[in-house]
Amino acid sequence: MPQFSEIDWERAECWGIGTDLFYRVEEERNALAYPFIDAVRSICARCPIWKECLSYGFENEDYGVWGGLTSMERRGVRDPKKYPAQFRRAMYDLEQYGITLADIKECL
């Protein structure tokens with residue numbers, strides 16, 4: 001898994017966007033968060049380094065959206081039975097961008 005300093009963050013689609021958006025969805029955790037989650041996913045899905053970002057998030061971050069997945073969704077990928085609703089929503093959303101479960105599991 002990549003270390004933070006090993007990732008070329010300047011190539012990220014979110015470079016220059018404030019981090020508030022990527023952490024706000026974690027604070028809301030209700031229907032009000034969906035527009036923010038959708039906005040973040042649309043950024044992450046077109047990012048050239050989303051896999052590195054997601055890998056970093058899986059290993060190092062307990063909060064925020066990394067590679068298009070919230071912390072609960074990242075937990076759901078590891079254990080879909082524990083967070084089934086979050087897992088299903090994330091997969092449905094990401095599949096709209098051509099990102100599959102196999103793609104995500106490459107980041108574990």
# chains A, B, ... in the order shown; residues from 1 in each chain; ligands from 1
$ select_by_dssp --residues "chain A" --states "helix (DSSP H, G or I)" --output "PyMOL selection string"
chain A and resi 4-6+9-11+20-28+31-45+50-60+71-78+84-95+101-105
$ residues_around --residues "Phe58 (chain A)" --least-positions-apart "4" --cutoff "8 Å" --atoms "only C-alpha atoms" --output "PyMOL selection string"
chain A and resi 54+74+107-108
$ write_last_selection --atoms "N, CA, C and O atoms" --output "CSV table (one decimal), in the first residue's frame"
chain,number,residue,atom,x,y,z
A,54,LEU,N,-7.7,5.4,-2.7
A,54,LEU,CA,-8.5,4.5,-2.0
A,54,LEU,C,-7.6,3.5,-1.1
A,54,LEU,O,-7.9,3.2,0.0
A,74,ARG,N,-15.9,1.9,3.2
A,74,ARG,CA,-14.7,1.1,3.2
A,74,ARG,C,-14.8,-0.1,4.2
A,74,ARG,O,-14.3,-1.2,3.8
A,107,CYS,N,-7.6,-2.5,-4.3
A,107,CYS,CA,-7.0,-1.5,-3.4
A,107,CYS,C,-6.9,-1.9,-1.9
A,107,CYS,O,-6.4,-1.2,-1.1
A,108,LEU,N,-7.4,-3.1,-1.6
A,108,LEU,CA,-7.3,-3.6,-0.3
A,108,LEU,C,-5.8,-4.0,0.1
A,108,LEU,O,-5.1,-4.5,-0.7
$ residues_around --residues "region 99-101 of chain A" --least-positions-apart "4" --cutoff "12 Å" --atoms "only C-alpha atoms" --output "list in words"
Arg41, Ser42, Cys44, Ala45, Arg46, Cys47, Trp50, Lys51, Gly67, Gly68, Leu69, Glu73, Arg74, Gly76, Val77, Arg78, Pro80, Phe87, Arg88, Ala90, Met91, Tyr92, Asp93, Leu94, Glu95, Lys105, Glu106, Cys107 and Leu108 of chain A
$ closest_residue --among "A:Arg11, A:Arg89, A:Lys82, A:Arg75" --to "Asp38 (chain A)" --atoms "only C-alpha atoms"
A:Arg89
$ residues_around --residues "Gly57 (chain A)" --least-positions-apart "5" --cutoff "9 Å" --atoms "only C-alpha atoms" --output "PyMOL selection string"
chain A and resi 52+62-67+69+71+74
$ write_last_selection --atoms "all heavy atoms" --output "mmCIF file, in the first residue's frame"
data_model
loop_
_atom_site.group_PDB
_atom_site.id
_atom_site.type_symbol
_atom_site.label_atom_id
_atom_site.label_comp_id
_atom_site.auth_asym_id
_atom_site.auth_seq_id
_atom_site.Cartn_x
_atom_site.Cartn_y
_atom_site.Cartn_z
ATOM 1 N N GLU A 52 -4.871 4.645 -5.863
ATOM 2 C CA GLU A 52 -3.854 4.924 -4.850
ATOM 3 C C GLU A 52 -4.486 5.604 -3.641
ATOM 4 O O GLU A 52 -4.181 5.291 -2.489
ATOM 5 C CB GLU A 52 -2.736 5.809 -5.416
ATOM 6 C CG GLU A 52 -1.884 5.119 -6.455
ATOM 7 C CD GLU A 52 -2.359 5.363 -7.885
ATOM 8 O OE1 GLU A 52 -3.577 5.606 -8.102
ATOM 9 O OE2 GLU A 52 -1.528 5.295 -8.790
ATOM 10 N N ASP A 62 -9.568 6.737 9.087
ATOM 11 C CA ASP A 62 -10.822 6.322 9.715
ATOM 12 C C ASP A 62 -11.970 7.259 9.376
ATOM 13 O O ASP A 62 -13.116 6.971 9.719
ATOM 14 C CB ASP A 62 -10.666 6.258 11.235
ATOM 15 C CG ASP A 62 -9.737 5.143 11.668
ATOM 16 O OD1 ASP A 62 -9.681 4.103 10.978
ATOM 17 O OD2 ASP A 62 -9.065 5.311 12.690
ATOM 18 N N TYR A 63 -11.682 8.397 8.765
ATOM 19 C CA TYR A 63 -12.703 9.395 8.439
ATOM 20 C C TYR A 63 -12.486 9.916 7.030
ATOM 21 O O TYR A 63 -11.402 9.801 6.473
ATOM 22 C CB TYR A 63 -12.647 10.569 9.426
ATOM 23 C CG TYR A 63 -12.852 10.133 10.846
ATOM 24 C CD1 TYR A 63 -11.774 9.970 11.703
ATOM 25 C CD2 TYR A 63 -14.132 9.839 11.323
ATOM 26 C CE1 TYR A 63 -11.958 9.543 13.005
ATOM 27 C CE2 TYR A 63 -14.318 9.404 12.621
ATOM 28 C CZ TYR A 63 -13.233 9.263 13.458
ATOM 29 O OH TYR A 63 -13.421 8.825 14.740
ATOM 30 N N GLY A 64 -13.525 10.500 6.496
ATOM 31 C CA GLY A 64 -13.424 11.141 5.199
ATOM 32 C C GLY A 64 -13.633 10.193 4.033
ATOM 33 O O GLY A 64 -13.693 8.975 4.196
ATOM 34 N N VAL A 65 -13.776 10.792 2.875
ATOM 35 C CA VAL A 65 -13.935 10.041 1.635
ATOM 36 C C VAL A 65 -12.565 9.937 0.985
ATOM 37 O O VAL A 65 -11.878 10.930 0.774
ATOM 38 C CB VAL A 65 -14.925 10.733 0.682
ATOM 39 C CG1 VAL A 65 -15.009 9.993 -0.637
ATOM 40 C CG2 VAL A 65 -16.295 10.844 1.332
ATOM 41 N N TRP A 66 -12.188 8.722 0.662
ATOM 42 C CA TRP A 66 -10.927 8.432 -0.003
ATOM 43 C C TRP A 66 -11.231 7.516 -1.177
ATOM 44 O O TRP A 66 -11.857 6.468 -0.998
ATOM 45 C CB TRP A 66 -9.943 7.763 0.958
ATOM 46 C CG TRP A 66 -9.535 8.681 2.063
ATOM 47 C CD1 TRP A 66 -10.201 8.904 3.228
ATOM 48 C CD2 TRP A 66 -8.409 9.550 2.073
ATOM 49 N NE1 TRP A 66 -9.540 9.844 3.981
ATOM 50 C CE2 TRP A 66 -8.435 10.260 3.284
ATOM 51 C CE3 TRP A 66 -7.368 9.795 1.175
ATOM 52 C CZ2 TRP A 66 -7.467 11.191 3.626
ATOM 53 C CZ3 TRP A 66 -6.409 10.718 1.518
ATOM 54 C CH2 TRP A 66 -6.462 11.402 2.725
ATOM 55 N N GLY A 67 -10.848 7.917 -2.364
ATOM 56 C CA GLY A 67 -11.103 7.092 -3.545
ATOM 57 C C GLY A 67 -12.578 6.863 -3.819
ATOM 58 O O GLY A 67 -12.953 5.892 -4.454
ATOM 59 N N LEU A 69 -15.023 6.403 -1.511
ATOM 60 C CA LEU A 69 -15.741 5.651 -0.479
ATOM 61 C C LEU A 69 -15.618 6.335 0.877
ATOM 62 O O LEU A 69 -14.524 6.749 1.276
ATOM 63 C CB LEU A 69 -15.187 4.229 -0.361
ATOM 64 C CG LEU A 69 -15.383 3.307 -1.555
ATOM 65 C CD1 LEU A 69 -14.708 1.968 -1.294
ATOM 66 C CD2 LEU A 69 -16.847 3.111 -1.861
ATOM 67 N N SER A 71 -15.815 6.226 5.094
ATOM 68 C CA SER A 71 -15.209 5.274 6.029
ATOM 69 C C SER A 71 -16.116 4.062 6.253
ATOM 70 O O SER A 71 -15.635 2.924 6.296
ATOM 71 C CB SER A 71 -14.877 5.947 7.356
ATOM 72 O OG SER A 71 -16.037 6.473 7.957
ATOM 73 N N ARG A 74 -15.906 1.866 3.230
ATOM 74 C CA ARG A 74 -14.653 1.105 3.210
ATOM 75 C C ARG A 74 -14.758 -0.090 4.156
ATOM 76 O O ARG A 74 -14.322 -1.198 3.825
ATOM 77 C CB ARG A 74 -13.459 1.996 3.573
ATOM 78 C CG ARG A 74 -13.161 3.051 2.510
ATOM 79 C CD ARG A 74 -11.842 3.761 2.715
ATOM 80 N NE ARG A 74 -11.677 4.464 3.965
ATOM 81 C CZ ARG A 74 -12.092 5.711 4.219
ATOM 82 N NH1 ARG A 74 -12.737 6.403 3.280
ATOM 83 N NH2 ARG A 74 -11.865 6.268 5.394
#
$ closest_residue --among "A:Phe22, A:Phe4, A:Trp15, A:Tyr97" --to "Pro35 (chain A)" --atoms "only C-alpha atoms"
A:Phe22
$ closest_residue --among "A:Tyr34, A:Glu59, A:Ile7, A:Val40" --to "Asp20 (chain A)" --atoms "only C-alpha atoms"
A:Val40
$ atom_distance --atom1 "CA of Ala33 (chain A)" --atom2 "CA of Gly16 (chain A)"
21.7 Å
$ atom_distance --atom1 "CA of Leu32 (chain A)" --atom2 "CA of Ser55 (chain A)"
27.0 Å
$ atom_distance --atom1 "CA of Met72 (chain A)" --atom2 "CA of Glu10 (chain A)"
26.3 Å
$ closest_residue --among "A:Ile43, A:Ala85, A:Ile49, A:Met1" --to "Cys14 (chain A)" --atoms "only C-alpha atoms"
A:Ile43
